[in-house]
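Inspection log for the structure reproduced underneath, given as structure tokens.
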Amino acid sequence: MDFTYTDEQSMLAEAVGRWLDADYDFARRRRLAAGEESWQSNWSQYADLGLLGLNVPEAHGGMGATSIEALIVMQALGRALAVEPYLQNALVAAPLLARAGTNTQCEAWLAPLASGDKRVVVAAYEPGGGYDLEHVETRATAMGDDFALNGRKSLVIGADGADALLVSARTSGNAGDPAGISLFLVPTASFGVTLEVAPTIDGQRAAEISLRDVTVPAAALVGAVGRGFEELELAIDRGTAGLCAEAVGVMEKLLEMTAEHLRTRKQFGQPIGAFQALQHRAADMAIAIEQARSMALLAAARIDDPDRRERRRAVSAAKTMIGQSGRHVGEQAVHLHGGMGMTDDLAVGWYFKRLVAIDLTHGDADHHLEQFGALL
């Protein structure tokens with residue numbers, strides 16, 4: 001398997017990296033995370049670079065790119081510790097709509113998603129359901145030509161300010177049954193939709209969503225009635241693969257900052273990097289990152305595999321390795337920076353927080369290790 005980037009992919013990596021290096025330093029990132037500065041100007045920049053349309057078909061104003069381009073972008077965003085809900089919109093919601101949406105839905109939403117004029121996020125997880133996408137208690141009841149939705153969704157990143165939600169709701173069956181799950185495109189301004197938004201530990205924003213007698217037309221149905229689980233699972237797998245790539249970028253930056261600290265911090269009249277024990281710890285960090293990088297590449301390469309079992313095995317294996325490597329790299333970076341490693345003013349602690357959040361998103365390492373074992 002050849003993982004060498006093409007000329008176009010190398011140009012994409014250079015363009016995204018150059019923009020982030022110029023406009024996305026840690027001080028600005030902190031202002032964005034704290035809400036002291038709006039990231040809408042950044043969203044326009046994402047659109048101008050074509051990143052929002054990365055997985056949108058060319059017929060709808062997108063790039064129609066592959067999963068490798070998505071990996072390149074997410075790795076760069078990880079290095080910058082970007083706070084915008086890029087993954088939720090461009091890598092999860094847009095491809096799901098492109099695959100399962102009707103022609104009318106695609107024409108109405110995909111071009112605005114690619115241009116940054118609209119945002120859509122997937123609302124899949126529910127209270128008490130853990131990481132199980134099958135655990136859907138939200139109900140969609142047919143009422144003539146409409147559906148009435150009732151239920152709750154948990155920890156929806158990027159829902160704050162989104163124009164619509166892609167909601168999984170049960171049209172038949174019981175919680176835990178993959179069959180009977182349908183997907184609906186629900187405008188956030190709909191009567192009965194309530195969002196409770198709170199910051200997460202890594203500077204992003206998540207919402208608890210309540211749906212109470214939310215009425216949507218049958219035209220809001222995405223895909224076939226009762227057969228939305230496969231599309232939802234694939235969309236979340238895409239998001240998980242994107243998180244793995246982002247984590248690699250986060251770990252790379254942590255190693256760079258740690259290596260610089262070892263070169264410049266002096267103790268007993270010499271740089272602490274001269275001590276062999278600390279060199280070994282930095283080398284262990286580098287090894288963990290390379291293992292994580294290999295698995296992230298495998299997940300990206302297999303995400304479009306028509307064999308669901310192979311795709312899920314690659315994604316779960318990568319997420320398991322990312323969780324384990326991320327915790328090791330983050331802990332070592334904090335330890336090697338000494339007492340200031342977890343201070344709010346130092347970037348190292350924030351990068352570690354992001355790795356923890358990535359591990360807990362779409363299933364932690366233990367969850368995916370169990371999933372991988374079940375797929376053997």
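Every chain in the structure tokens has a letter given in the order shown (A, B, ...), and although residue numbers restart at 1 in each chain, ligands are simply numbered from 1 in the order shown.
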Item to check | Surrounding residues of region 152-158 of chain A excluding itself and chain neighbours under 5 positions, 6 Å, only C-alpha atoms, as a PyMOL selection string | outcome: chain A and resi 85+123+125-127+205-211
Next on the checklist: I'd like the neighbourhood of Leu81 (chain A) as a PyMOL selection string, where a residue qualifies if any of its atoms comes within 9 Å (using only C-alpha atoms), though same-chain residues fewer than 6 positions away should be ignored.
Outcome noted: chain A and resi 24+26+29+246+249-250+350-351+354
query = Per DSSP on the backbone, what are the alpha helix (DSSP H) residues of region 18-109 of chain A, as a ChimeraX atom specification?
reply = /A:18-23,26-34,40-48,67-80,86,94-100,103-109
Got a sec: who's within 12 Å of Gly341 (chain A), counting only C-alpha atoms, leaving out chain neighbours fewer than 6 positions off, as a list in words?
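After dropping sequence-adjacent residues, the list is Leu254, Met257, Thr258, His261, Gly330, Glu331, Gln332, Ala333, Val334, His335, Ala347, Val348, Gly349, Trp350, Tyr351, Phe352 and Lys353 of chain A.
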**OP:** Between A:Ala142, A:Leu376, A:Ala148, A:Ala245, single out the one closest to Glu310 (chain A), counting only C-alpha atoms.
**Re:**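 That would be A:Leu376, the residue with the smallest distance to Glu310 (chain A).
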For Thr141 (chain A), the closest of A:Ile322, A:Ala218, A:Ala93, A:Leu360 counting only C-alpha atoms is A:Ala218
Restricting to only C-alpha atoms, whichever of A:Ala140, A:Val186, A:Val73, A:Met251 is closest to Val225 (chain A) is A:Ala140
